[in-house]
$ cat start31.txt   # compact mmCIF, N, CA and C atoms
# COMPACT_ATOMS: atom_id res chain seq x y z
N MET A 74 -18.03 -1.51 -15.62
CA MET A 74 -17.52 -2.78 -15.12
C MET A 74 -18.03 -3.00 -13.71
N LYS A 75 -18.49 -4.19 -13.45
CA LYS A 75 -18.96 -4.55 -12.11
C LYS A 75 -17.82 -5.23 -11.37
N ARG A 76 -17.49 -4.68 -10.21
CA ARG A 76 -16.45 -5.25 -9.37
C ARG A 76 -17.08 -6.04 -8.24
N SER A 77 -16.40 -7.10 -7.84
CA SER A 77 -16.89 -7.88 -6.71
C SER A 77 -16.60 -7.11 -5.42
N THR A 78 -17.27 -7.50 -4.36
CA THR A 78 -17.07 -6.86 -3.05
C THR A 78 -15.63 -7.02 -2.56
N PRO A 79 -15.02 -8.22 -2.65
CA PRO A 79 -13.62 -8.33 -2.21
C PRO A 79 -12.68 -7.42 -3.00
N THR A 80 -12.93 -7.26 -4.29
CA THR A 80 -12.08 -6.39 -5.10
C THR A 80 -12.23 -4.94 -4.64
N THR A 81 -13.45 -4.52 -4.39
CA THR A 81 -13.69 -3.16 -3.91
C THR A 81 -13.00 -2.92 -2.58
N TYR A 82 -13.13 -3.86 -1.65
CA TYR A 82 -12.48 -3.72 -0.35
C TYR A 82 -10.96 -3.74 -0.48
N GLY A 83 -10.44 -4.61 -1.34
CA GLY A 83 -9.00 -4.68 -1.53
C GLY A 83 -8.44 -3.38 -2.07
N LEU A 84 -9.11 -2.81 -3.06
CA LEU A 84 -8.66 -1.52 -3.61
C LEU A 84 -8.79 -0.42 -2.56
N ALA A 85 -9.87 -0.43 -1.80
CA ALA A 85 -10.07 0.62 -0.78
C ALA A 85 -9.00 0.56 0.30
N ILE A 86 -8.66 -0.64 0.75
CA ILE A 86 -7.62 -0.78 1.77
C ILE A 86 -6.28 -0.30 1.23
N CYS A 87 -5.96 -0.70 0.02
CA CYS A 87 -4.67 -0.31 -0.57
C CYS A 87 -4.62 1.20 -0.83
N VAL A 88 -5.72 1.80 -1.26
CA VAL A 88 -5.75 3.24 -1.47
C VAL A 88 -5.56 3.96 -0.14
N LEU A 89 -6.21 3.49 0.91
CA LEU A 89 -6.03 4.09 2.24
C LEU A 89 -4.56 4.06 2.65
N LEU A 90 -3.91 2.93 2.46
CA LEU A 90 -2.49 2.81 2.79
C LEU A 90 -1.63 3.72 1.91
N GLY A 91 -1.99 3.86 0.65
CA GLY A 91 -1.26 4.75 -0.24
C GLY A 91 -1.40 6.21 0.18
N VAL A 92 -2.59 6.60 0.57
CA VAL A 92 -2.81 7.98 1.04
C VAL A 92 -2.02 8.24 2.31
N ILE A 93 -1.99 7.27 3.21
CA ILE A 93 -1.20 7.41 4.44
C ILE A 93 0.28 7.59 4.10
N GLY A 94 0.76 6.86 3.10
CA GLY A 94 2.15 7.00 2.66
C GLY A 94 2.45 8.39 2.15
N ILE A 95 1.51 8.96 1.40
CA ILE A 95 1.70 10.32 0.88
C ILE A 95 1.63 11.34 2.02
N ILE A 96 0.70 11.17 2.92
CA ILE A 96 0.56 12.09 4.05
C ILE A 96 1.80 12.06 4.95
N SER A 97 2.50 10.94 4.95
CA SER A 97 3.69 10.83 5.80
C SER A 97 4.79 11.81 5.38
N LEU A 98 4.65 12.42 4.21
CA LEU A 98 5.60 13.46 3.80
C LEU A 98 5.64 14.61 4.80
N ALA A 99 4.58 14.77 5.57
CA ALA A 99 4.54 15.83 6.58
C ALA A 99 5.59 15.61 7.67
N GLN A 100 6.12 14.40 7.79
CA GLN A 100 7.13 14.11 8.79
C GLN A 100 8.54 14.51 8.36
N LEU A 101 8.70 14.95 7.13
CA LEU A 101 10.03 15.37 6.67
C LEU A 101 10.53 16.51 7.54
N GLY A 102 11.75 16.41 7.97
CA GLY A 102 12.34 17.44 8.81
C GLY A 102 12.09 17.25 10.30
N SER A 103 11.27 16.27 10.64
CA SER A 103 10.98 15.99 12.04
C SER A 103 12.15 15.24 12.66
N ASP A 104 12.47 15.57 13.90
CA ASP A 104 13.59 14.92 14.57
C ASP A 104 13.28 13.48 14.97
N ASP A 105 12.02 13.20 15.29
CA ASP A 105 11.68 11.87 15.78
C ASP A 105 10.93 11.02 14.75
N GLY A 106 10.94 11.43 13.49
CA GLY A 106 10.27 10.66 12.44
C GLY A 106 11.18 9.60 11.85
N PRO A 107 10.66 8.83 10.93
CA PRO A 107 11.47 7.83 10.25
C PRO A 107 12.52 8.48 9.36
N PRO A 108 13.50 7.70 8.91
CA PRO A 108 14.52 8.26 8.01
C PRO A 108 13.88 8.82 6.72
N VAL A 109 14.55 9.79 6.15
CA VAL A 109 14.04 10.47 4.95
C VAL A 109 13.79 9.47 3.82
N GLY A 110 14.67 8.50 3.65
CA GLY A 110 14.49 7.50 2.59
C GLY A 110 13.22 6.70 2.75
N VAL A 111 12.88 6.38 3.97
CA VAL A 111 11.65 5.61 4.24
C VAL A 111 10.43 6.47 3.93
N ILE A 112 10.47 7.74 4.32
CA ILE A 112 9.35 8.64 4.06
C ILE A 112 9.16 8.83 2.56
N LEU A 113 10.24 9.10 1.85
CA LEU A 113 10.14 9.34 0.42
C LEU A 113 9.71 8.09 -0.35
N SER A 114 10.25 6.94 0.02
CA SER A 114 9.83 5.72 -0.67
C SER A 114 8.37 5.41 -0.38
N GLY A 115 7.92 5.66 0.84
CA GLY A 115 6.50 5.45 1.16
C GLY A 115 5.59 6.35 0.34
N ALA A 116 6.03 7.60 0.13
CA ALA A 116 5.23 8.53 -0.67
C ALA A 116 5.21 8.10 -2.14
N VAL A 117 6.36 7.66 -2.65
CA VAL A 117 6.42 7.20 -4.05
C VAL A 117 5.53 5.97 -4.24
N PHE A 118 5.62 5.02 -3.30
CA PHE A 118 4.77 3.84 -3.40
C PHE A 118 3.30 4.22 -3.26
N GLY A 119 3.01 5.23 -2.45
CA GLY A 119 1.63 5.71 -2.31
C GLY A 119 1.09 6.27 -3.61
N VAL A 120 1.91 7.05 -4.30
CA VAL A 120 1.48 7.61 -5.59
C VAL A 120 1.27 6.49 -6.61
N ILE A 121 2.18 5.53 -6.65
CA ILE A 121 2.03 4.40 -7.57
C ILE A 121 0.75 3.63 -7.26
N THR A 122 0.46 3.46 -5.97
CA THR A 122 -0.77 2.77 -5.57
C THR A 122 -2.00 3.52 -6.06
N LEU A 123 -2.02 4.84 -5.88
CA LEU A 123 -3.19 5.61 -6.30
C LEU A 123 -3.38 5.59 -7.81
N VAL A 124 -2.28 5.71 -8.56
CA VAL A 124 -2.38 5.66 -10.02
C VAL A 124 -2.87 4.28 -10.47
N GLY A 125 -2.29 3.23 -9.89
CA GLY A 125 -2.71 1.88 -10.24
C GLY A 125 -4.15 1.60 -9.87
N ALA A 126 -4.57 2.11 -8.72
CA ALA A 126 -5.96 1.90 -8.28
C ALA A 126 -6.93 2.62 -9.21
N ARG A 127 -6.55 3.80 -9.67
CA ARG A 127 -7.42 4.52 -10.61
C ARG A 127 -7.54 3.74 -11.91
N MET A 128 -6.42 3.21 -12.39
CA MET A 128 -6.47 2.40 -13.62
C MET A 128 -7.36 1.17 -13.43
N ALA A 129 -7.25 0.54 -12.28
CA ALA A 129 -8.04 -0.67 -12.02
C ALA A 129 -9.51 -0.33 -11.84
N TRP A 130 -9.79 0.79 -11.18
CA TRP A 130 -11.17 1.16 -10.88
C TRP A 130 -11.89 1.65 -12.13
N ARG A 131 -11.25 2.53 -12.88
CA ARG A 131 -11.89 3.13 -14.05
C ARG A 131 -11.96 2.19 -15.25
N GLY A 132 -10.84 1.56 -15.54
CA GLY A 132 -10.78 0.79 -16.77
C GLY A 132 -10.77 -0.71 -16.57
N GLY A 133 -10.75 -1.15 -15.32
CA GLY A 133 -10.68 -2.58 -15.07
C GLY A 133 -9.41 -3.21 -15.60
N ARG A 134 -8.30 -2.47 -15.53
CA ARG A 134 -7.05 -2.93 -16.13
C ARG A 134 -6.23 -3.77 -15.15
N LYS A 135 -5.77 -4.89 -15.64
CA LYS A 135 -4.95 -5.80 -14.86
C LYS A 135 -3.64 -5.14 -14.44
N GLY A 136 -3.04 -4.34 -15.32
CA GLY A 136 -1.78 -3.66 -15.01
C GLY A 136 -1.91 -2.74 -13.81
N GLY A 137 -3.05 -2.10 -13.66
CA GLY A 137 -3.28 -1.24 -12.51
C GLY A 137 -3.29 -2.03 -11.21
N VAL A 138 -3.92 -3.19 -11.23
CA VAL A 138 -3.96 -4.02 -10.02
C VAL A 138 -2.57 -4.54 -9.69
N VAL A 139 -1.83 -4.93 -10.72
CA VAL A 139 -0.46 -5.41 -10.49
C VAL A 139 0.39 -4.29 -9.88
N ALA A 140 0.23 -3.06 -10.38
CA ALA A 140 0.97 -1.93 -9.82
C ALA A 140 0.62 -1.70 -8.36
N VAL A 141 -0.65 -1.82 -8.03
CA VAL A 141 -1.09 -1.66 -6.63
C VAL A 141 -0.46 -2.74 -5.77
N ILE A 142 -0.52 -3.98 -6.22
CA ILE A 142 0.02 -5.09 -5.43
C ILE A 142 1.52 -4.93 -5.22
N VAL A 143 2.25 -4.65 -6.28
CA VAL A 143 3.71 -4.53 -6.17
C VAL A 143 4.09 -3.35 -5.27
N SER A 144 3.43 -2.21 -5.44
CA SER A 144 3.78 -1.05 -4.62
C SER A 144 3.46 -1.27 -3.16
N ARG A 145 2.37 -1.96 -2.87
CA ARG A 145 2.02 -2.22 -1.46
C ARG A 145 2.99 -3.22 -0.83
N VAL A 146 3.39 -4.24 -1.58
CA VAL A 146 4.33 -5.23 -1.05
C VAL A 146 5.69 -4.58 -0.79
N LEU A 147 6.16 -3.77 -1.73
CA LEU A 147 7.45 -3.10 -1.54
C LEU A 147 7.40 -2.12 -0.37
N ASP A 148 6.29 -1.42 -0.22
CA ASP A 148 6.15 -0.50 0.91
C ASP A 148 6.15 -1.27 2.23
N ALA A 149 5.48 -2.41 2.25
CA ALA A 149 5.46 -3.23 3.47
C ALA A 149 6.86 -3.74 3.80
N LEU A 150 7.60 -4.15 2.79
CA LEU A 150 8.96 -4.62 3.03
C LEU A 150 9.85 -3.51 3.58
N SER A 151 9.61 -2.28 3.13
CA SER A 151 10.42 -1.17 3.64
C SER A 151 10.09 -0.83 5.09
N ALA A 152 8.96 -1.31 5.58
CA ALA A 152 8.57 -1.04 6.97
C ALA A 152 9.09 -2.11 7.94
N LEU A 153 9.53 -3.23 7.44
CA LEU A 153 9.97 -4.33 8.31
C LEU A 153 11.11 -3.99 9.26
N PRO A 154 12.07 -3.14 8.89
CA PRO A 154 13.14 -2.83 9.83
C PRO A 154 12.66 -2.22 11.15
N ALA A 155 11.45 -1.71 11.19
CA ALA A 155 10.92 -1.15 12.44
C ALA A 155 10.88 -2.19 13.56
N PHE A 156 10.83 -3.45 13.21
CA PHE A 156 10.81 -4.50 14.23
C PHE A 156 12.20 -4.83 14.76
N PHE A 157 13.24 -4.36 14.09
CA PHE A 157 14.60 -4.75 14.45
C PHE A 157 15.47 -3.59 14.92
N VAL A 158 15.00 -2.36 14.76
CA VAL A 158 15.77 -1.18 15.15
C VAL A 158 15.47 -0.88 16.62
N ASP A 159 16.52 -0.56 17.37
CA ASP A 159 16.35 -0.36 18.81
C ASP A 159 15.96 1.05 19.20
N ASP A 160 16.34 2.05 18.44
CA ASP A 160 16.14 3.43 18.87
C ASP A 160 14.87 4.07 18.31
N ILE A 161 13.76 3.33 18.32
CA ILE A 161 12.47 3.88 17.89
C ILE A 161 11.50 3.82 19.06
N PRO A 162 10.48 4.66 19.06
CA PRO A 162 9.49 4.61 20.13
C PRO A 162 8.80 3.24 20.20
N ASP A 163 8.34 2.89 21.38
CA ASP A 163 7.73 1.58 21.59
C ASP A 163 6.44 1.37 20.80
N TRP A 164 5.74 2.43 20.46
CA TRP A 164 4.46 2.29 19.78
C TRP A 164 4.62 2.03 18.28
N VAL A 165 5.79 2.29 17.72
CA VAL A 165 5.98 2.15 16.27
C VAL A 165 5.77 0.71 15.78
N PRO A 166 6.36 -0.30 16.43
CA PRO A 166 6.11 -1.67 15.94
C PRO A 166 4.63 -2.07 15.95
N PHE A 167 3.88 -1.56 16.89
CA PHE A 167 2.44 -1.85 16.94
C PHE A 167 1.75 -1.34 15.67
N PHE A 168 2.01 -0.07 15.33
CA PHE A 168 1.36 0.49 14.14
C PHE A 168 1.90 -0.10 12.85
N VAL A 169 3.17 -0.44 12.83
CA VAL A 169 3.72 -1.12 11.65
C VAL A 169 3.05 -2.49 11.49
N GLY A 170 2.80 -3.16 12.60
CA GLY A 170 2.09 -4.45 12.55
C GLY A 170 0.70 -4.30 11.96
N ILE A 171 -0.02 -3.25 12.37
CA ILE A 171 -1.35 -3.00 11.80
C ILE A 171 -1.23 -2.72 10.30
N PHE A 172 -0.26 -1.92 9.94
CA PHE A 172 0.00 -1.60 8.53
C PHE A 172 0.26 -2.88 7.73
N LEU A 173 1.06 -3.78 8.29
CA LEU A 173 1.38 -5.03 7.58
C LEU A 173 0.15 -5.93 7.44
N VAL A 174 -0.66 -6.01 8.49
CA VAL A 174 -1.88 -6.83 8.42
C VAL A 174 -2.82 -6.27 7.35
N LEU A 175 -3.01 -4.95 7.35
CA LEU A 175 -3.88 -4.35 6.33
C LEU A 175 -3.32 -4.57 4.93
N THR A 176 -2.01 -4.52 4.79
CA THR A 176 -1.39 -4.77 3.49
C THR A 176 -1.66 -6.20 3.03
N VAL A 177 -1.48 -7.16 3.92
CA VAL A 177 -1.72 -8.56 3.57
C VAL A 177 -3.18 -8.77 3.17
N VAL A 178 -4.10 -8.18 3.92
CA VAL A 178 -5.52 -8.33 3.60
C VAL A 178 -5.85 -7.68 2.25
N GLY A 179 -5.42 -6.44 2.06
CA GLY A 179 -5.71 -5.73 0.81
C GLY A 179 -5.12 -6.42 -0.40
N VAL A 180 -3.85 -6.79 -0.30
CA VAL A 180 -3.18 -7.47 -1.42
C VAL A 180 -3.81 -8.84 -1.66
N GLY A 181 -4.13 -9.53 -0.59
CA GLY A 181 -4.76 -10.85 -0.72
C GLY A 181 -6.08 -10.78 -1.47
N LEU A 182 -6.89 -9.78 -1.16
CA LEU A 182 -8.16 -9.62 -1.85
C LEU A 182 -7.95 -9.30 -3.34
N LEU A 183 -6.92 -8.53 -3.64
CA LEU A 183 -6.66 -8.21 -5.05
C LEU A 183 -6.08 -9.40 -5.81
N VAL A 184 -5.28 -10.21 -5.14
CA VAL A 184 -4.75 -11.41 -5.80
C VAL A 184 -5.90 -12.36 -6.16
N VAL A 185 -6.87 -12.47 -5.25
CA VAL A 185 -8.04 -13.31 -5.55
C VAL A 185 -8.76 -12.76 -6.78
N ALA A 186 -8.89 -11.44 -6.87
CA ALA A 186 -9.55 -10.84 -8.03
C ALA A 186 -8.78 -11.13 -9.32
N LEU A 187 -7.46 -11.10 -9.25
CA LEU A 187 -6.66 -11.42 -10.44
C LEU A 187 -6.84 -12.87 -10.85
N ARG A 188 -6.90 -13.75 -9.87
CA ARG A 188 -7.06 -15.17 -10.19
C ARG A 188 -8.44 -15.45 -10.78
N ARG A 189 -9.43 -14.65 -10.41
CA ARG A 189 -10.78 -14.80 -10.97
C ARG A 189 -10.90 -14.14 -12.33
N ARG A 190 -9.86 -13.48 -12.76
CA ARG A 190 -9.83 -12.78 -14.05
C ARG A 190 -10.89 -11.68 -14.13
N GLU A 191 -11.00 -10.90 -13.05
CA GLU A 191 -11.95 -9.79 -13.04
C GLU A 191 -11.47 -8.59 -13.84
N PHE A 192 -10.19 -8.55 -14.19
CA PHE A 192 -9.62 -7.40 -14.86
C PHE A 192 -9.16 -7.79 -16.25
N SER A 193 -9.27 -6.82 -17.18
CA SER A 193 -8.82 -7.08 -18.55
C SER A 193 -7.32 -6.83 -18.65
N ALA A 194 -6.70 -7.45 -19.63
CA ALA A 194 -5.25 -7.33 -19.82
C ALA A 194 -4.88 -5.97 -20.41
N ALA A 195 -5.76 -5.36 -21.14
CA ALA A 195 -5.44 -4.09 -21.80
C ALA A 195 -5.55 -2.91 -20.87
$ encode --input "start31.txt" --output "structure tokens"
Amino acid sequence: MKRSTPTTYGLAICVLLGVIGIISLAQLGSDDGPPVGVILSGAVFGVITLVGARMAWRGGRKGGVVAVIVSRVLDALSALPAFFVDDIPDWVPFFVGIFLVLTVVGVGLLVVALRRREFSAA
């Protein structure tokens, strides 16, 4: 299957974010890290992203792209409280903002691919 450049970039950005979510498991037990629920949900969404991306990359499956999009959006929503919590380091909202921008770009590129019908339903 031939993928367009935007589709390739969209999957790559989302996979990068998914890997970062899984790597964040290293913060478990840290005193100054995010809450355990945020870390665990980020890792779960990361795994879902990687599985969906593999399905989309290997088989061109629409379900894989939908899984990537949904997992990235839910992960981004779980990061939004960082803008409203007072007892976090000052640098956290900056990096969460970068994370959100990358999420919007990656998901946006994949939505365009879905609208172009680049992926099969099966």
$ atom_distance --input "start31.txt" --atom1 "atom N of Leu153 (chain A)" --atom2 "atom N of Arg189 (chain A)"
28.4 Å
$ closest_residue --input "start31.txt" --among "A:Ala126, A:Asp160, A:Leu147, A:Val169" --to "Ile86 (chain A)" --atoms "only C-alpha atoms"
A:Ala126
$ closest_residue --input "start31.txt" --among "A:Pro154, A:Pro162, A:Gly125, A:Pro79" --to "Ile142 (chain A)" --atoms "all atoms listed in the file"
A:Gly125
$ atom_distance --input "start31.txt" --atom1 "CA of Leu173 (chain A)" --atom2 "atom N of Ala149 (chain A)"
7.2 Å
$ atom_distance --input "start31.txt" --atom1 "atom C of Ala186 (chain A)" --atom2 "atom C of Val117 (chain A)"
22.9 Å
$ residues_around --input "start31.txt" --residues "Gly94 (chain A)" --least-positions-apart "5" --cutoff "6 Å" --atoms "only C-alpha atoms" --output "list in words"
Gly115, Ala116 and Gly119 of chain A
$ residues_near_point --input "start31.txt" --point "(-0.6, 4.3, -14.1)" --cutoff "10 Å" --atoms "only C-alpha atoms" --output "list in words"
Val120, Ile121, Thr122, Leu123, Val124, Gly125, Ala126, Arg127, Met128, Ala129, Arg134, Gly136, Gly137, Val138, Ala140 and Val141 of chain A
$ select_by_dssp --input "start31.txt" --residues "region 93-126 of chain A" --states "alpha helix (DSSP H)" --output "VMD selection string"
chain A and resid 93 to 96 109 to 126
$ closest_residue --input "start31.txt" --among "A:Leu183, A:Thr81, A:Val165, A:Asp159" --to "Val139 (chain A)" --atoms "only N, CA and C atoms"
A:Leu183
$ residues_around --input "start31.txt" --residues "Gly83 (chain A)" --least-positions-apart "6" --cutoff "7 Å" --atoms "all atoms listed in the file" --output "list in words"
Val178, Gly179, Val180, Gly181, Leu182 and Leu183 of chain A
$ decode --input "start31.txt" --residues "region 116-155 of chain A" --atoms "N, CA and C atoms" --output "PDB file, in the first residue's frame"
ATOM      1  N   ALA A 116       0.362   5.637  29.373  1.00  0.00           N
ATOM      2  CA  ALA A 116       1.004   4.423  28.874  1.00  0.00           C
ATOM      3  C   ALA A 116       0.004   3.542  28.128  1.00  0.00           C
ATOM      4  N   VAL A 117      -1.209   3.433  28.662  1.00  0.00           N
ATOM      5  CA  VAL A 117      -2.242   2.626  27.987  1.00  0.00           C
ATOM      6  C   VAL A 117      -2.586   3.244  26.627  1.00  0.00           C
ATOM      7  N   PHE A 118      -2.760   4.564  26.606  1.00  0.00           N
ATOM      8  CA  PHE A 118      -3.047   5.223  25.332  1.00  0.00           C
ATOM      9  C   PHE A 118      -1.866   5.080  24.369  1.00  0.00           C
ATOM     10  N   GLY A 119      -0.651   5.073  24.901  1.00  0.00           N
ATOM     11  CA  GLY A 119       0.533   4.868  24.066  1.00  0.00           C
ATOM     12  C   GLY A 119       0.539   3.503  23.416  1.00  0.00           C
ATOM     13  N   VAL A 120       0.194   2.480  24.185  1.00  0.00           N
ATOM     14  CA  VAL A 120       0.137   1.121  23.634  1.00  0.00           C
ATOM     15  C   VAL A 120      -0.957   1.022  22.576  1.00  0.00           C
ATOM     16  N   ILE A 121      -2.118   1.599  22.847  1.00  0.00           N
ATOM     17  CA  ILE A 121      -3.206   1.590  21.863  1.00  0.00           C
ATOM     18  C   ILE A 121      -2.767   2.304  20.585  1.00  0.00           C
ATOM     19  N   THR A 122      -2.054   3.410  20.741  1.00  0.00           N
ATOM     20  CA  THR A 122      -1.550   4.147  19.576  1.00  0.00           C
ATOM     21  C   THR A 122      -0.608   3.281  18.754  1.00  0.00           C
ATOM     22  N   LEU A 123       0.323   2.598  19.416  1.00  0.00           N
ATOM     23  CA  LEU A 123       1.289   1.774  18.680  1.00  0.00           C
ATOM     24  C   LEU A 123       0.617   0.605  17.970  1.00  0.00           C
ATOM     25  N   VAL A 124      -0.339  -0.039  18.636  1.00  0.00           N
ATOM     26  CA  VAL A 124      -1.057  -1.154  17.999  1.00  0.00           C
ATOM     27  C   VAL A 124      -1.867  -0.646  16.803  1.00  0.00           C
ATOM     28  N   GLY A 125      -2.568   0.468  16.992  1.00  0.00           N
ATOM     29  CA  GLY A 125      -3.345   1.037  15.891  1.00  0.00           C
ATOM     30  C   GLY A 125      -2.475   1.481  14.735  1.00  0.00           C
ATOM     31  N   ALA A 126      -1.327   2.065  15.051  1.00  0.00           N
ATOM     32  CA  ALA A 126      -0.413   2.521  13.995  1.00  0.00           C
ATOM     33  C   ALA A 126       0.139   1.337  13.207  1.00  0.00           C
ATOM     34  N   ARG A 127       0.417   0.248  13.899  1.00  0.00           N
ATOM     35  CA  ARG A 127       0.904  -0.945  13.194  1.00  0.00           C
ATOM     36  C   ARG A 127      -0.172  -1.478  12.257  1.00  0.00           C
ATOM     37  N   MET A 128      -1.415  -1.505  12.737  1.00  0.00           N
ATOM     38  CA  MET A 128      -2.519  -1.963  11.879  1.00  0.00           C
ATOM     39  C   MET A 128      -2.666  -1.057  10.655  1.00  0.00           C
ATOM     40  N   ALA A 129      -2.541   0.238  10.872  1.00  0.00           N
ATOM     41  CA  ALA A 129      -2.698   1.190   9.766  1.00  0.00           C
ATOM     42  C   ALA A 129      -1.521   1.104   8.798  1.00  0.00           C
ATOM     43  N   TRP A 130      -0.327   0.916   9.331  1.00  0.00           N
ATOM     44  CA  TRP A 130       0.874   0.905   8.499  1.00  0.00           C
ATOM     45  C   TRP A 130       0.974  -0.384   7.695  1.00  0.00           C
ATOM     46  N   ARG A 131       0.758  -1.511   8.343  1.00  0.00           N
ATOM     47  CA  ARG A 131       0.917  -2.806   7.683  1.00  0.00           C
ATOM     48  C   ARG A 131      -0.238  -3.154   6.761  1.00  0.00           C
ATOM     49  N   GLY A 132      -1.442  -2.978   7.261  1.00  0.00           N
ATOM     50  CA  GLY A 132      -2.587  -3.452   6.499  1.00  0.00           C
ATOM     51  C   GLY A 132      -3.428  -2.360   5.885  1.00  0.00           C
ATOM     52  N   GLY A 133      -3.084  -1.108   6.154  1.00  0.00           N
ATOM     53  CA  GLY A 133      -3.892  -0.015   5.635  1.00  0.00           C
ATOM     54  C   GLY A 133      -5.303  -0.023   6.174  1.00  0.00           C
ATOM     55  N   ARG A 134      -5.461  -0.426   7.437  1.00  0.00           N
ATOM     56  CA  ARG A 134      -6.791  -0.586   8.015  1.00  0.00           C
ATOM     57  C   ARG A 134      -7.298   0.708   8.639  1.00  0.00           C
ATOM     58  N   LYS A 135      -8.523   1.023   8.311  1.00  0.00           N
ATOM     59  CA  LYS A 135      -9.178   2.214   8.837  1.00  0.00           C
ATOM     60  C   LYS A 135      -9.329   2.143  10.354  1.00  0.00           C
ATOM     61  N   GLY A 136      -9.628   0.961  10.893  1.00  0.00           N
ATOM     62  CA  GLY A 136      -9.789   0.792  12.330  1.00  0.00           C
ATOM     63  C   GLY A 136      -8.527   1.152  13.094  1.00  0.00           C
ATOM     64  N   GLY A 137      -7.376   0.856  12.520  1.00  0.00           N
ATOM     65  CA  GLY A 137      -6.114   1.213  13.159  1.00  0.00           C
ATOM     66  C   GLY A 137      -5.943   2.716  13.257  1.00  0.00           C
ATOM     67  N   VAL A 138      -6.301   3.421  12.199  1.00  0.00           N
ATOM     68  CA  VAL A 138      -6.188   4.887  12.216  1.00  0.00           C
ATOM     69  C   VAL A 138      -7.167   5.483  13.214  1.00  0.00           C
ATOM     70  N   VAL A 139      -8.370   4.935  13.266  1.00  0.00           N
ATOM     71  CA  VAL A 139      -9.360   5.427  14.231  1.00  0.00           C
ATOM     72  C   VAL A 139      -8.854   5.203  15.658  1.00  0.00           C
ATOM     73  N   ALA A 140      -8.238   4.049  15.918  1.00  0.00           N
ATOM     74  CA  ALA A 140      -7.687   3.779  17.247  1.00  0.00           C
ATOM     75  C   ALA A 140      -6.587   4.776  17.597  1.00  0.00           C
ATOM     76  N   VAL A 141      -5.743   5.098  16.638  1.00  0.00           N
ATOM     77  CA  VAL A 141      -4.679   6.082  16.868  1.00  0.00           C
ATOM     78  C   VAL A 141      -5.288   7.439  17.187  1.00  0.00           C
ATOM     79  N   ILE A 142      -6.252   7.860  16.399  1.00  0.00           N
ATOM     80  CA  ILE A 142      -6.871   9.176  16.597  1.00  0.00           C
ATOM     81  C   ILE A 142      -7.543   9.251  17.965  1.00  0.00           C
ATOM     82  N   VAL A 143      -8.341   8.258  18.296  1.00  0.00           N
ATOM     83  CA  VAL A 143      -9.076   8.281  19.573  1.00  0.00           C
ATOM     84  C   VAL A 143      -8.105   8.253  20.752  1.00  0.00           C
ATOM     85  N   SER A 144      -7.087   7.400  20.688  1.00  0.00           N
ATOM     86  CA  SER A 144      -6.148   7.314  21.810  1.00  0.00           C
ATOM     87  C   SER A 144      -5.351   8.598  21.981  1.00  0.00           C
ATOM     88  N   ARG A 145      -4.991   9.240  20.889  1.00  0.00           N
ATOM     89  CA  ARG A 145      -4.227  10.494  20.989  1.00  0.00           C
ATOM     90  C   ARG A 145      -5.106  11.619  21.540  1.00  0.00           C
ATOM     91  N   VAL A 146      -6.363  11.677  21.113  1.00  0.00           N
ATOM     92  CA  VAL A 146      -7.266  12.723  21.608  1.00  0.00           C
ATOM     93  C   VAL A 146      -7.531  12.533  23.099  1.00  0.00           C
ATOM     94  N   LEU A 147      -7.780  11.293  23.518  1.00  0.00           N
ATOM     95  CA  LEU A 147      -8.026  11.038  24.941  1.00  0.00           C
ATOM     96  C   LEU A 147      -6.787  11.340  25.778  1.00  0.00           C
ATOM     97  N   ASP A 148      -5.615  11.011  25.259  1.00  0.00           N
ATOM     98  CA  ASP A 148      -4.381  11.316  25.985  1.00  0.00           C
ATOM     99  C   ASP A 148      -4.189  12.824  26.106  1.00  0.00           C
ATOM    100  N   ALA A 149      -4.500  13.549  25.043  1.00  0.00           N
ATOM    101  CA  ALA A 149      -4.380  15.012  25.095  1.00  0.00           C
ATOM    102  C   ALA A 149      -5.359  15.604  26.100  1.00  0.00           C
ATOM    103  N   LEU A 150      -6.562  15.073  26.139  1.00  0.00           N
ATOM    104  CA  LEU A 150      -7.545  15.568  27.110  1.00  0.00           C
ATOM    105  C   LEU A 150      -7.095  15.311  28.546  1.00  0.00           C
ATOM    106  N   SER A 151      -6.410  14.191  28.759  1.00  0.00           N
ATOM    107  CA  SER A 151      -5.932  13.899  30.117  1.00  0.00           C
ATOM    108  C   SER A 151      -4.788  14.817  30.530  1.00  0.00           C
ATOM    109  N   ALA A 152      -4.168  15.486  29.574  1.00  0.00           N
ATOM    110  CA  ALA A 152      -3.066  16.404  29.890  1.00  0.00           C
ATOM    111  C   ALA A 152      -3.545  17.832  30.164  1.00  0.00           C
ATOM    112  N   LEU A 153      -4.761  18.147  29.814  1.00  0.00           N
ATOM    113  CA  LEU A 153      -5.266  19.521  29.974  1.00  0.00           C
ATOM    114  C   LEU A 153      -5.242  20.058  31.405  1.00  0.00           C
ATOM    115  N   PRO A 154      -5.467  19.244  32.429  1.00  0.00           N
ATOM    116  CA  PRO A 154      -5.424  19.796  33.789  1.00  0.00           C
ATOM    117  C   PRO A 154      -4.084  20.440  34.156  1.00  0.00           C
ATOM    118  N   ALA A 155      -3.033  20.143  33.431  1.00  0.00           N
ATOM    119  CA  ALA A 155      -1.731  20.759  33.727  1.00  0.00           C
ATOM    120  C   ALA A 155      -1.788  22.277  33.612  1.00  0.00           C
TER     121      ALA A 155
END
